[in-house]
$ cat data19.csv   # CSV, C-alpha atoms and all ligand atoms
chain,number,residue,atom,x,y,z
A,67,MET,CA,72.3,91.0,218.9
A,68,MET,CA,73.8,93.8,217.0
A,69,LYS,CA,71.5,96.1,215.0
A,70,GLN,CA,73.2,98.6,212.8
A,71,HIS,CA,72.4,101.2,210.2
A,72,SER,CA,74.6,102.6,207.5
A,73,GLU,CA,74.0,104.5,204.3
A,74,ILE,CA,75.7,101.9,202.1
A,75,ILE,CA,76.6,98.4,203.0
A,76,LEU,CA,79.0,96.3,200.9
A,77,ILE,CA,78.3,92.6,201.2
A,78,GLY,CA,81.7,91.1,200.8
A,79,GLY,CA,85.1,92.7,201.4
A,80,GLY,CA,87.3,91.1,198.7
A,81,LEU,CA,89.0,93.1,196.0
A,82,ILE,CA,85.9,94.4,194.4
A,83,GLY,CA,84.1,95.3,197.7
A,84,LEU,CA,87.1,97.2,199.0
A,85,SER,CA,87.6,99.0,195.6
A,86,VAL,CA,84.0,100.1,195.5
A,87,ALA,CA,84.0,101.1,199.2
A,88,VAL,CA,87.0,103.3,198.8
A,89,GLU,CA,85.6,105.1,195.8
A,90,LEU,CA,82.2,105.7,197.5
A,91,LYS,CA,83.9,107.0,200.6
A,92,LEU,CA,86.1,109.3,198.5
A,93,ARG,CA,82.9,110.7,197.1
A,94,GLY,CA,81.5,111.4,200.6
A,95,ALA,CA,79.2,108.4,201.3
A,96,THR,CA,79.0,106.6,204.7
A,97,VAL,CA,80.1,103.0,203.9
A,98,THR,CA,80.3,99.8,205.8
A,99,VAL,CA,81.9,96.6,204.5
A,100,LEU,CA,80.7,93.3,205.9
A,101,SER,CA,83.0,90.4,205.1
A,102,ARG,CA,83.5,86.8,206.1
A,103,ASN,CA,87.1,86.1,205.4
A,104,GLN,CA,89.6,88.0,203.4
A,105,GLN,CA,92.0,85.0,203.3
A,106,GLU,CA,89.5,83.3,200.9
A,107,ALA,CA,89.1,86.2,198.6
A,108,ALA,CA,90.1,85.6,195.0
A,109,GLY,CA,91.6,89.1,195.1
A,110,LEU,CA,94.3,87.7,197.3
A,111,VAL,CA,94.7,84.5,195.3
A,112,GLY,CA,95.1,85.9,191.7
A,113,ALA,CA,98.3,86.5,189.7
A,114,GLY,CA,97.6,90.2,189.3
A,115,MET,CA,98.0,90.3,185.5
A,116,LEU,CA,96.4,93.2,183.8
A,117,ALA,CA,96.1,91.4,180.6
A,118,PRO,CA,93.2,92.2,178.2
A,119,GLN,CA,95.5,91.7,175.2
A,120,ALA,CA,97.4,88.6,176.3
A,121,GLU,CA,94.0,87.1,177.3
A,122,GLN,CA,93.0,87.8,173.7
A,123,ILE,CA,89.5,89.0,174.6
A,124,PRO,CA,87.7,89.6,171.3
A,125,PRO,CA,86.5,93.1,170.3
A,126,SER,CA,83.4,93.5,172.5
A,127,PRO,CA,82.0,95.5,175.4
A,128,MET,CA,84.0,93.3,177.7
A,129,LEU,CA,87.2,94.3,175.9
A,130,ASP,CA,86.2,97.9,176.1
A,131,LEU,CA,85.6,97.5,179.9
A,132,CYS,CA,89.0,95.8,180.4
A,133,LEU,CA,90.9,98.4,178.3
A,134,ARG,CA,89.2,101.2,180.2
A,135,SER,CA,90.2,99.7,183.5
A,136,ARG,CA,93.8,99.1,182.3
A,137,ALA,CA,94.0,102.8,181.4
A,138,LEU,CA,92.8,103.8,184.9
A,139,TYR,CA,95.3,101.6,186.7
A,140,LYS,CA,98.3,103.9,187.0
A,141,ASP,CA,96.3,106.8,188.5
A,142,TRP,CA,94.2,104.6,190.6
A,143,THR,CA,97.1,102.8,192.3
A,144,SER,CA,99.0,106.2,192.7
A,145,LYS,CA,96.0,107.6,194.5
A,146,LEU,CA,95.8,104.6,196.9
A,147,GLU,CA,99.6,104.8,197.4
A,148,GLU,CA,99.3,108.5,198.3
A,149,ILE,CA,96.5,107.8,200.8
A,150,THR,CA,98.3,105.0,202.6
A,151,GLY,CA,102.1,105.4,201.9
A,152,LEU,CA,102.1,101.8,200.8
A,153,ASP,CA,103.2,100.2,197.5
A,154,THR,CA,100.6,98.3,195.5
A,155,GLY,CA,103.2,96.7,193.2
A,156,TYR,CA,101.7,98.1,190.0
A,157,TRP,CA,104.3,97.5,187.3
A,158,PRO,CA,103.6,98.4,183.6
A,159,CYS,CA,106.1,95.7,182.6
A,160,GLY,CA,104.3,94.5,179.4
A,161,ILE,CA,103.4,90.9,178.7
A,162,LEU,CA,105.2,88.5,176.4
A,163,ALA,CA,103.1,85.6,175.1
A,164,PRO,CA,105.3,82.8,173.7
A,165,VAL,CA,103.7,80.0,171.7
A,166,TYR,CA,104.6,76.5,170.8
A,167,GLU,CA,102.8,76.4,167.4
A,168,ARG,CA,103.1,79.1,164.8
A,169,PRO,CA,99.7,80.8,164.4
A,170,ASP,CA,98.0,81.1,160.9
A,171,SER,CA,98.3,84.8,161.1
A,172,THR,CA,100.9,86.8,163.0
A,173,ILE,CA,98.9,90.0,162.8
A,174,LEU,CA,96.4,90.8,165.5
A,175,PRO,CA,93.7,93.5,165.3
A,176,GLN,CA,95.2,96.6,166.9
A,177,THR,CA,94.4,100.3,167.8
A,178,PRO,CA,96.7,103.0,169.1
A,179,ASP,CA,95.8,101.8,172.6
A,180,THR,CA,96.4,98.1,171.9
A,181,PRO,CA,99.7,97.7,170.1
A,182,SER,CA,101.0,94.2,169.6
A,183,HIS,CA,104.2,92.8,168.0
A,184,TRP,CA,104.8,89.3,166.6
A,185,LEU,CA,108.3,88.1,167.4
A,186,GLU,CA,110.0,85.2,165.6
A,187,ARG,CA,112.0,82.8,167.8
A,188,ASP,CA,115.3,84.7,167.5
A,189,ALA,CA,113.6,88.0,168.4
A,190,ILE,CA,111.7,86.6,171.3
A,191,LEU,CA,114.8,85.0,172.7
A,192,HIS,CA,116.6,88.3,172.3
A,193,GLN,CA,113.9,90.0,174.3
A,194,GLN,CA,113.7,87.2,176.9
A,195,PRO,CA,116.7,84.8,177.1
A,196,GLY,CA,116.1,81.4,178.7
A,197,LEU,CA,112.7,80.5,177.1
A,198,GLY,CA,112.2,76.8,176.4
A,199,ASP,CA,113.2,74.9,173.2
A,200,ASP,CA,109.6,74.4,172.2
A,201,VAL,CA,108.9,78.2,171.9
A,202,VAL,CA,108.6,79.1,168.1
A,203,GLY,CA,107.8,82.8,168.6
A,204,GLY,CA,105.2,84.9,170.4
A,205,TRP,CA,103.5,88.2,170.9
A,206,TRP,CA,104.7,91.2,172.8
A,207,PHE,CA,101.9,93.3,174.4
A,208,PRO,CA,103.7,96.4,175.8
A,209,GLN,CA,100.6,98.0,177.4
A,210,ASP,CA,99.6,95.0,179.4
A,211,ALA,CA,100.8,95.2,183.0
A,212,GLN,CA,100.7,93.6,186.5
A,213,VAL,CA,100.0,94.5,190.1
A,214,ASP,CA,101.1,92.7,193.2
A,215,ASN,CA,97.6,91.9,194.4
A,216,ARG,CA,98.6,89.4,197.0
A,217,ARG,CA,101.2,91.4,198.9
A,218,GLY,CA,100.4,95.0,197.8
A,219,LEU,CA,97.1,95.9,196.3
A,220,ILE,CA,94.6,94.3,198.7
A,221,LYS,CA,96.4,95.4,201.8
A,222,THR,CA,96.7,99.0,200.4
A,223,LEU,CA,92.9,99.0,199.7
A,224,GLN,CA,92.2,97.8,203.1
A,225,ILE,CA,94.3,100.4,204.8
A,226,ALA,CA,93.0,103.1,202.5
A,227,ALA,CA,89.4,102.1,203.4
A,228,GLN,CA,90.3,102.3,207.1
A,229,GLU,CA,92.1,105.6,206.9
A,230,LEU,CA,89.3,107.2,204.9
A,231,GLY,CA,86.8,106.0,207.6
A,232,VAL,CA,85.1,103.1,206.0
A,233,LYS,CA,83.8,100.7,208.7
A,234,ILE,CA,85.1,97.2,208.0
A,235,ILE,CA,83.7,94.3,209.9
A,236,GLU,CA,85.7,91.1,209.1
A,237,GLY,CA,84.6,87.6,210.2
A,238,ILE,CA,80.9,88.2,209.6
A,239,THR,CA,78.7,86.0,207.4
A,240,ILE,CA,75.6,87.4,205.6
A,241,GLU,CA,73.2,84.5,205.8
A,242,LYS,CA,70.2,86.1,204.1
A,243,ILE,CA,69.3,89.2,202.1
A,244,VAL,CA,65.7,89.9,203.3
A,245,THR,CA,63.5,91.5,200.7
A,246,SER,CA,60.0,93.1,200.7
A,247,PRO,CA,57.2,92.7,198.1
A,248,HIS,CA,58.0,96.3,197.1
A,249,GLN,CA,61.2,95.4,195.4
A,250,THR,CA,63.4,96.5,198.1
A,251,VAL,CA,65.9,94.9,200.4
A,252,THR,CA,64.8,95.5,204.0
A,253,GLU,CA,67.8,94.1,206.0
A,254,LEU,CA,70.6,91.6,206.1
A,255,GLN,CA,70.5,88.7,208.4
A,256,THR,CA,74.0,87.7,209.6
A,257,ASN,CA,75.6,85.5,212.1
A,258,GLN,CA,76.1,88.6,214.2
A,259,GLY,CA,72.6,90.1,214.1
A,260,THR,CA,70.8,92.2,211.5
A,261,PHE,CA,72.2,95.1,209.5
A,262,ARG,CA,70.3,97.8,207.6
A,263,ALA,CA,71.3,100.4,205.1
A,264,GLU,CA,69.7,102.7,202.5
A,265,HIS,CA,71.6,100.9,199.8
A,266,TYR,CA,73.3,97.5,199.5
A,267,ILE,CA,76.0,96.4,197.0
A,268,LEU,CA,76.7,92.7,196.5
A,269,THR,CA,80.4,92.0,196.1
A,270,THR,CA,80.6,88.4,197.3
A,271,GLY,CA,82.7,87.0,194.4
A,272,ALA,CA,82.4,83.3,193.7
A,273,TRP,CA,79.9,82.8,196.6
A,274,SER,CA,77.3,85.2,195.2
A,275,GLY,CA,75.0,82.4,194.0
A,276,GLU,CA,74.6,81.4,197.7
A,277,LEU,CA,72.8,84.6,198.5
A,278,LEU,CA,70.9,85.5,195.3
A,279,SER,CA,69.6,83.5,192.4
A,280,ILE,CA,72.2,84.7,189.9
A,281,PRO,CA,74.4,82.5,187.8
A,282,VAL,CA,77.8,82.9,189.4
A,283,TYR,CA,79.9,79.7,190.0
A,284,PRO,CA,83.3,78.9,191.5
A,285,ARG,CA,86.1,78.1,189.1
A,286,LYS,CA,89.1,76.9,191.1
A,287,GLY,CA,92.6,77.9,190.4
A,288,GLN,CA,95.8,76.5,192.1
A,289,MET,CA,98.9,78.6,192.1
A,290,LEU,CA,102.5,78.6,193.4
A,291,SER,CA,105.5,80.8,193.7
A,292,VAL,CA,109.2,80.4,193.5
A,293,ARG,CA,112.1,82.8,194.3
A,294,VAL,CA,115.0,83.8,192.2
A,295,PRO,CA,118.2,82.7,194.0
A,296,ASN,CA,120.3,85.5,195.6
A,297,ASP,CA,123.3,84.7,193.4
A,298,PHE,CA,121.5,86.2,190.3
A,299,LYS,CA,122.9,89.7,189.9
A,300,SER,CA,119.7,91.0,188.3
A,301,LEU,CA,116.2,89.8,187.8
A,302,PRO,CA,116.1,87.2,185.0
A,303,LEU,CA,112.5,88.1,184.1
A,304,GLN,CA,111.4,91.7,183.6
A,305,GLN,CA,108.1,91.0,182.0
A,306,VAL,CA,105.2,88.6,182.5
A,307,LEU,CA,105.3,85.3,180.4
A,308,PHE,CA,101.8,84.3,179.3
A,309,GLY,CA,102.0,80.8,177.9
A,310,SER,CA,99.3,78.7,176.3
A,311,ASN,CA,98.5,76.8,179.5
A,312,ILE,CA,100.6,78.6,182.1
A,313,TYR,CA,101.7,82.1,183.2
A,314,ILE,CA,104.8,83.2,185.0
A,315,VAL,CA,104.6,86.6,186.7
A,316,PRO,CA,107.8,88.0,188.1
A,317,ARG,CA,107.5,90.5,190.9
A,318,ARG,CA,110.2,93.2,191.4
A,319,ASP,CA,111.7,91.7,194.5
A,320,GLY,CA,112.5,88.3,192.9
A,321,LEU,CA,109.3,86.4,193.7
A,322,ILE,CA,107.8,84.6,190.7
A,323,VAL,CA,104.1,83.7,190.7
A,324,ILE,CA,103.1,80.7,188.6
A,325,GLY,CA,99.5,79.9,187.7
A,326,ALA,CA,97.0,78.5,187.3
A,327,THR,CA,94.7,75.5,187.0
A,328,SER,CA,91.1,76.0,185.9
A,329,GLU,CA,88.9,73.5,187.6
A,330,THR,CA,85.1,73.0,187.9
A,331,VAL,CA,85.1,71.3,191.3
A,332,GLY,CA,82.7,73.5,193.3
A,333,PHE,CA,84.3,74.9,196.5
A,334,THR,CA,86.5,71.8,197.0
A,335,SER,CA,89.5,73.3,198.8
A,336,GLY,CA,93.2,72.2,198.8
A,337,LEU,CA,95.9,71.4,196.4
A,338,THR,CA,96.1,68.3,194.2
A,339,PRO,CA,99.1,66.4,192.8
A,340,ASN,CA,97.6,66.8,189.3
A,341,GLY,CA,97.3,70.6,189.8
A,342,MET,CA,100.9,70.9,191.1
A,343,GLU,CA,102.2,68.7,188.3
A,344,MET,CA,100.5,70.8,185.6
A,345,LEU,CA,101.9,74.0,187.1
A,346,LEU,CA,105.4,72.8,187.5
A,347,SER,CA,105.8,71.0,184.2
A,348,GLY,CA,104.1,73.9,182.3
A,349,ALA,CA,106.4,76.4,184.0
A,350,MET,CA,109.6,74.4,183.3
A,351,GLN,CA,108.6,73.8,179.7
A,352,LEU,CA,108.2,77.6,179.1
A,353,TYR,CA,111.1,78.8,181.2
A,354,PRO,CA,113.4,75.9,182.1
A,355,ILE,CA,115.8,77.9,184.3
A,356,LEU,CA,113.3,78.2,187.1
A,357,LYS,CA,113.6,74.4,187.7
A,358,ASP,CA,116.3,75.1,190.3
A,359,PHE,CA,114.6,78.1,192.0
A,360,THR,CA,113.3,77.7,195.5
A,361,ILE,CA,109.6,77.0,195.9
A,362,GLN,CA,108.1,79.6,198.2
A,363,GLU,CA,104.4,78.9,198.6
A,364,PHE,CA,101.4,77.1,197.1
A,365,TRP,CA,97.8,78.3,197.3
A,366,TRP,CA,94.4,78.1,195.7
A,367,GLY,CA,91.1,80.1,195.3
A,368,PHE,CA,87.9,80.5,193.4
A,369,ARG,CA,87.2,82.7,190.4
A,370,PRO,CA,83.6,84.0,190.1
A,371,GLU,CA,82.5,82.6,186.8
A,372,THR,CA,79.4,83.5,184.8
A,373,PRO,CA,77.8,81.8,181.8
A,374,ASP,CA,79.3,84.4,179.3
A,375,LEU,CA,82.5,84.9,181.4
A,376,CYS,CA,81.6,88.6,181.8
A,377,PRO,CA,80.8,90.4,185.1
A,378,ILE,CA,77.3,91.3,186.4
A,379,LEU,CA,77.3,95.0,187.2
A,380,GLY,CA,74.7,97.5,188.2
A,381,ARG,CA,70.9,97.3,188.9
A,382,SER,CA,69.2,94.2,190.3
A,383,SER,CA,65.5,93.3,190.7
A,384,TRP,CA,65.6,95.3,194.0
A,385,ASP,CA,65.7,99.1,193.9
A,386,ASN,CA,68.3,99.4,196.7
A,387,LEU,CA,70.5,96.5,195.7
A,388,THR,CA,73.4,96.9,193.2
A,389,LEU,CA,75.4,94.0,191.9
A,390,ALA,CA,79.2,93.9,191.3
A,391,VAL,CA,80.0,90.2,190.9
A,392,GLY,CA,81.2,87.6,188.4
A,393,HIS,CA,84.5,89.1,187.4
A,394,TYR,CA,85.9,85.7,186.7
A,395,ARG,CA,89.5,85.8,185.4
A,396,ASN,CA,89.8,89.5,185.2
A,397,GLY,CA,88.6,91.0,188.5
A,398,ILE,CA,91.9,92.4,189.5
A,399,LEU,CA,92.1,94.2,186.1
A,400,LEU,CA,88.5,95.3,186.4
A,401,ALA,CA,88.6,96.7,189.9
A,402,PRO,CA,89.1,100.4,189.1
A,403,VAL,CA,86.5,100.6,186.4
A,404,THR,CA,84.0,98.6,188.5
A,405,ALA,CA,84.6,101.1,191.4
A,406,GLN,CA,84.0,104.1,189.1
A,407,LEU,CA,81.0,102.8,187.3
A,408,ILE,CA,79.3,101.4,190.4
A,409,ALA,CA,79.9,104.7,192.4
A,410,ASN,CA,78.4,106.7,189.5
A,411,TRP,CA,75.4,104.4,189.4
A,412,VAL,CA,74.8,104.2,193.2
A,413,LEU,CA,75.5,107.9,194.1
A,414,ASN,CA,74.3,109.7,190.9
A,415,GLY,CA,72.0,107.2,189.2
A,416,GLN,CA,74.3,107.4,186.2
A,417,SER,CA,74.3,104.3,184.1
A,418,ASP,CA,77.3,104.4,181.7
A,419,PRO,CA,76.3,102.9,178.3
A,420,LEU,CA,79.0,100.3,178.9
A,421,LEU,CA,77.4,99.3,182.2
A,422,GLU,CA,74.2,98.3,180.3
A,423,HIS,CA,76.0,95.4,178.6
A,424,PHE,CA,76.6,93.8,182.0
A,425,ARG,CA,73.1,93.9,183.5
A,426,SER,CA,72.0,90.7,185.3
A,427,ASP,CA,68.8,90.4,183.3
A,428,ARG,CA,70.8,89.4,180.2
A,429,PHE,CA,70.6,85.8,181.7
A,430,GLN,CA,66.9,85.8,182.2
A,431,THR,CA,66.2,83.6,179.2
A,432,LEU,CA,68.7,81.1,180.6
A,433,LYS,CA,66.5,80.4,183.7
S,501,LIG,C1,93.9,81.4,190.6
S,501,LIG,C2,93.4,82.8,190.2
S,501,LIG,C3,94.1,83.6,189.4
S,501,LIG,C4,93.6,84.9,189.0
S,501,LIG,N1,94.4,85.7,188.3
S,501,LIG,C5,93.9,86.9,187.9
S,501,LIG,C6,94.8,87.8,187.2
S,501,LIG,O1,95.9,87.5,186.9
S,501,LIG,N2,94.2,89.0,186.8
S,501,LIG,C7,92.9,89.4,187.1
S,501,LIG,O2,92.5,90.5,186.7
S,501,LIG,N3,92.1,88.6,187.8
S,501,LIG,C8,92.6,87.3,188.2
S,501,LIG,N4,91.8,86.5,188.9
S,501,LIG,C9,90.4,86.9,189.2
S,501,LIG,C10,90.2,87.8,190.3
S,501,LIG,O3,91.0,87.4,191.4
S,501,LIG,C11,88.8,87.8,190.7
S,501,LIG,O4,87.9,88.1,189.6
S,501,LIG,C12,88.5,89.0,191.7
S,501,LIG,O5,89.3,88.8,192.8
S,501,LIG,C13,87.0,88.9,192.2
S,501,LIG,O6,86.9,89.8,193.3
S,501,LIG,P1,85.7,89.8,194.2
S,501,LIG,O7,85.8,90.9,195.2
S,501,LIG,O8,84.4,89.8,193.4
S,501,LIG,O9,85.7,88.4,195.0
S,501,LIG,P2,86.7,88.0,196.1
S,501,LIG,O10,88.0,88.7,196.0
S,501,LIG,O11,86.7,86.5,196.1
S,501,LIG,O12,86.0,88.5,197.4
S,501,LIG,C14,84.8,88.1,197.8
S,501,LIG,C15,84.7,88.3,199.4
S,501,LIG,O13,83.3,88.1,199.8
S,501,LIG,C16,83.3,87.4,201.0
S,501,LIG,N5,82.0,86.7,201.1
S,501,LIG,C17,81.5,85.8,200.3
S,501,LIG,N6,80.3,85.4,200.7
S,501,LIG,C18,80.0,86.1,201.9
S,501,LIG,C19,78.9,86.1,202.8
S,501,LIG,N7,77.8,85.3,202.6
S,501,LIG,N8,79.0,87.0,203.9
S,501,LIG,C20,80.1,87.7,204.0
S,501,LIG,N9,81.2,87.8,203.2
S,501,LIG,C21,81.1,86.9,202.1
S,501,LIG,C22,84.4,86.4,200.9
S,501,LIG,O14,84.9,86.1,202.2
S,501,LIG,C23,85.5,87.2,200.1
S,501,LIG,O15,86.4,87.9,201.0
S,501,LIG,C24,92.3,85.3,189.4
S,501,LIG,C25,91.6,84.4,190.2
S,501,LIG,C26,92.1,83.2,190.6
S,501,LIG,C27,91.3,82.4,191.6
$ encode --input "data19.csv" --output "structure tokens"
Amino acid sequence: MMKQHSEIILIGGGLIGLSVAVELKLRGATVTVLSRNQQEAAGLVGAGMLAPQAEQIPPSPMLDLCLRSRALYKDWTSKLEEITGLDTGYWPCGILAPVYERPDSTILPQTPDTPSHWLERDAILHQQPGLGDDVVGGWWFPQDAQVDNRRGLIKTLQIAAQELGVKIIEGITIEKIVTSPHQTVTELQTNQGTFRAEHYILTTGAWSGELLSIPVYPRKGQMLSVRVPNDFKSLPLQQVLFGSNIYIVPRRDGLIVIGATSETVGFTSGLTPNGMEMLLSGAMQLYPILKDFTIQEFWWGFRPETPDLCPILGRSSWDNLTLAVGHYRNGILLAPVTAQLIANWVLNGQSDPLLEHFRSDRFQTLK
């Protein structure tokens, strides 16, 4: 049986695990990532919207966290692209949020960092021709953006981690986090032997509740993609469409990602007729011209949900175990800020005041 020692072990190598591993390595740490299966990672499944405004997250520490991360995205992806020579697919394209019912107020709270514009039907059709007949208007959020997580970001992170010298072991399952009465983790039991480190970071996404008693649950999402036919001279969509029950995310090469269902069915895998029907009918109602585009792919995955829909970040009940889980619908958006805050905490003991809002002990009264 393997027995290994490393300075820091990341338990889980999805989007958050890889982002944190790269940041720690860039700051000089010795890092190992142990991960079961990247194909199941939500980081590969998501739509890649960087959408704190379109998601209408109310003013809160969560909104501050999301906005801080959105502001980091350009430099963070450039740095990863420089290390690897790969394209993450970051695209500050803005997000258009069409609606079918006129809202009571067409003014949203805004700051210089969060501009938003209400567009009446004529104006929204001018900005985006081809929207469905039911659209009565909508908001334009110019600072929201997207990244091609599925084909760009996660691969770039993986290669960056490898090139920087992070040890990544794929295909390994952590079965137990062994703890001592002195509030420390002593080792990890895995299907490939035991592993030890000075510090451990839990980044197991939707599966986190299987290893620790923390409230993280799977929220399933089904997705699909279509492709713009070759006879279109230019891309018909140049911005994300964020509808009330559907989103349509155009990539720069003509792929269009459509999502997503939101289902509480545990880890039940697979696609359902109901899920597909909801995606297809919702997409055709919002943007009817895609009804003749070619379907490319269908897939599904599990968002890591928490009771207050906010992530669990920072200290745990064990001195040498840090948590970075529960990113729910916004983990792709939150990857750079999570990496930064967690590296500050693990390497320098610095707890940013923002991090304090996301401590795991906020749920203790729930137990
Ligand atoms: C349908 C859908 C659409 C989404 N759209 C967006 C979006 O547009 N924008 C956005 O910001 N976010 C979006 N998200 C959310 C985002 O994808 C997640 O919040 C984020 O990927 C979570 O990252 P993670 O690293 O915590 O988990 P994951 O990426 O799921 O990675 C967890 C990893 O841990 C591994 N693991 C688990 N248990 C073990 C174990 N015991 N031993 C070893 N390894 C283990 C798994 O194999 C997996 O590789 C979406 C999610 C879904 C499902």
$ closest_atom_pairs --input "data19.csv" --of "chain A" --to "ligand LIG 501 (chain S)" --cutoff "7 Å" --atoms "all atoms listed in the file" --output "tab-separated table"
residue	atom	partner	partner_atom	distance
A:Ile77	CA	S:LIG501	C20	5.9
A:Gly78	CA	S:LIG501	O13	3.5
A:Gly79	CA	S:LIG501	C15	4.8
A:Gly80	CA	S:LIG501	O12	3.2
A:Leu81	CA	S:LIG501	O7	4.0
A:Ile82	CA	S:LIG501	O7	3.6
A:Gly83	CA	S:LIG501	O7	5.3
A:Leu100	CA	S:LIG501	C20	5.9
A:Ser101	CA	S:LIG501	N9	3.7
A:Arg102	CA	S:LIG501	N9	3.8
A:Asn103	CA	S:LIG501	O14	3.9
A:Gln104	CA	S:LIG501	O15	4.0
A:Gln105	CA	S:LIG501	O15	6.7
A:Glu106	CA	S:LIG501	O14	5.5
A:Ala107	CA	S:LIG501	O11	3.5
A:Ala108	CA	S:LIG501	O11	3.7
A:Gly109	CA	S:LIG501	O5	3.3
A:Leu110	CA	S:LIG501	O10	6.5
A:Val111	CA	S:LIG501	C27	5.4
A:Gly112	CA	S:LIG501	C4	3.2
A:Ala113	CA	S:LIG501	O1	3.8
A:Gly114	CA	S:LIG501	O1	4.0
A:Met115	CA	S:LIG501	O1	3.8
A:Leu116	CA	S:LIG501	O2	5.6
A:Ala117	CA	S:LIG501	N2	6.9
A:Ile238	CA	S:LIG501	C20	5.7
A:Thr239	CA	S:LIG501	N8	3.7
A:Ile240	CA	S:LIG501	N8	3.8
A:Glu241	CA	S:LIG501	N7	5.7
A:Thr269	CA	S:LIG501	O8	5.3
A:Thr270	CA	S:LIG501	O13	3.7
A:Gly271	CA	S:LIG501	O9	3.4
A:Ala272	CA	S:LIG501	O11	5.9
A:Trp273	CA	S:LIG501	N6	4.9
A:Ser274	CA	S:LIG501	N6	6.3
A:Leu277	CA	S:LIG501	N7	6.5
A:Lys286	CA	S:LIG501	C27	5.9
A:Gly287	CA	S:LIG501	C1	3.7
A:Gln288	CA	S:LIG501	C1	5.5
A:Met289	CA	S:LIG501	C1	5.9
A:Gly325	CA	S:LIG501	C1	6.5
A:Ala326	CA	S:LIG501	C1	5.4
A:Thr327	CA	S:LIG501	C1	7.0
A:Trp366	CA	S:LIG501	C1	6.1
A:Gly367	CA	S:LIG501	C27	4.4
A:Phe368	CA	S:LIG501	C27	4.3
A:Arg369	CA	S:LIG501	C27	4.3
A:Pro370	CA	S:LIG501	O4	6.0
A:Ala390	CA	S:LIG501	O8	6.9
A:Val391	CA	S:LIG501	O8	5.1
A:Gly392	CA	S:LIG501	O8	6.3
A:His393	CA	S:LIG501	O4	4.2
A:Tyr394	CA	S:LIG501	O4	4.3
A:Arg395	CA	S:LIG501	C9	4.1
A:Asn396	CA	S:LIG501	O2	3.2
A:Gly397	CA	S:LIG501	O4	3.2
A:Ile398	CA	S:LIG501	O2	3.4
A:Leu399	CA	S:LIG501	O2	3.8
A:Leu400	CA	S:LIG501	O2	6.3
$ residues_around --input "data19.csv" --residues "region 201-218 of chain A" --least-positions-apart "5" --cutoff "9 Å" --atoms "only C-alpha atoms" --output "ChimeraX atom specification"
/A:81,109-120,136,152-168,172,179-191,223,305-306,315,317,351-352,398-399
$ closest_atom_pairs --input "data19.csv" --of "region 249-351 of chain A" --to "region 419-431 of chain A" --cutoff "12 Å" --atoms "only C-alpha atoms" --output "JSON lines"
{"residue": "A:Leu278", "atom": "CA", "partner": "A:Ser426", "partner_atom": "CA", "distance": 11.3}
{"residue": "A:Ser279", "atom": "CA", "partner": "A:Ser426", "partner_atom": "CA", "distance": 10.4}
{"residue": "A:Ile280", "atom": "CA", "partner": "A:Ser426", "partner_atom": "CA", "distance": 7.6}
{"residue": "A:Pro281", "atom": "CA", "partner": "A:Phe429", "partner_atom": "CA", "distance": 7.9}
{"residue": "A:Val282", "atom": "CA", "partner": "A:Ser426", "partner_atom": "CA", "distance": 10.5}
$ atom_distance --input "data19.csv" --atom1 "CA of Thr98 (chain A)" --atom2 "CA of Ile234 (chain A)"
5.9 Å
$ closest_residue --input "data19.csv" --among "A:Thr404, A:Ser417, A:Ser383, A:Thr388" --to "Glu89 (chain A)" --atoms "only C-alpha atoms"
A:Thr404
$ atom_distance --input "data19.csv" --atom1 "CA of Leu76 (chain A)" --atom2 "CA of Leu268 (chain A)"
6.1 Å
$ atom_distance --input "data19.csv" --atom1 "CA of Pro373 (chain A)" --atom2 "CA of Ala137 (chain A)"
26.5 Å
$ axis_aligned_box --input "data19.csv" --around "region 320-323 of chain A" --padding-each-side "3 Å" --output "AutoDock Vina command-line options"
--center_x 108.3 --center_y 86.0 --center_z 192.2 --size_x 14.4 --size_y 10.6 --size_z 9.0
$ residues_around --input "data19.csv" --residues "Arg262 (chain A)" --least-positions-apart "2" --cutoff "12 Å" --atoms "all atoms listed in the file" --output "PyMOL selection string"
chain A and resi 68-77+97-98+100+240+243-245+250-256+259-260+264-266+386-387
$ write_last_selection --input "data19.csv" --atoms "C-alpha atoms" --output "compact mmCIF listing (two decimals), in the coordinates of the input"
# COMPACT_ATOMS: atom_id res chain seq x y z
CA MET A 68 73.80 93.80 217.00
CA LYS A 69 71.50 96.10 215.00
CA GLN A 70 73.20 98.60 212.80
CA HIS A 71 72.40 101.20 210.20
CA SER A 72 74.60 102.60 207.50
CA GLU A 73 74.00 104.50 204.30
CA ILE A 74 75.70 101.90 202.10
CA ILE A 75 76.60 98.40 203.00
CA LEU A 76 79.00 96.30 200.90
CA ILE A 77 78.30 92.60 201.20
CA VAL A 97 80.10 103.00 203.90
CA THR A 98 80.30 99.80 205.80
CA LEU A 100 80.70 93.30 205.90
CA ILE A 240 75.60 87.40 205.60
CA ILE A 243 69.30 89.20 202.10
CA VAL A 244 65.70 89.90 203.30
CA THR A 245 63.50 91.50 200.70
CA THR A 250 63.40 96.50 198.10
CA VAL A 251 65.90 94.90 200.40
CA THR A 252 64.80 95.50 204.00
CA GLU A 253 67.80 94.10 206.00
CA LEU A 254 70.60 91.60 206.10
CA GLN A 255 70.50 88.70 208.40
CA THR A 256 74.00 87.70 209.60
CA GLY A 259 72.60 90.10 214.10
CA THR A 260 70.80 92.20 211.50
CA GLU A 264 69.70 102.70 202.50
CA HIS A 265 71.60 100.90 199.80
CA TYR A 266 73.30 97.50 199.50
CA ASN A 386 68.30 99.40 196.70
CA LEU A 387 70.50 96.50 195.70
$ closest_residue --input "data19.csv" --among "A:Ile173, A:Glu147, A:Asp199, A:Pro124" --to "Pro354 (chain A)" --atoms "all atoms listed in the file"
A:Asp199
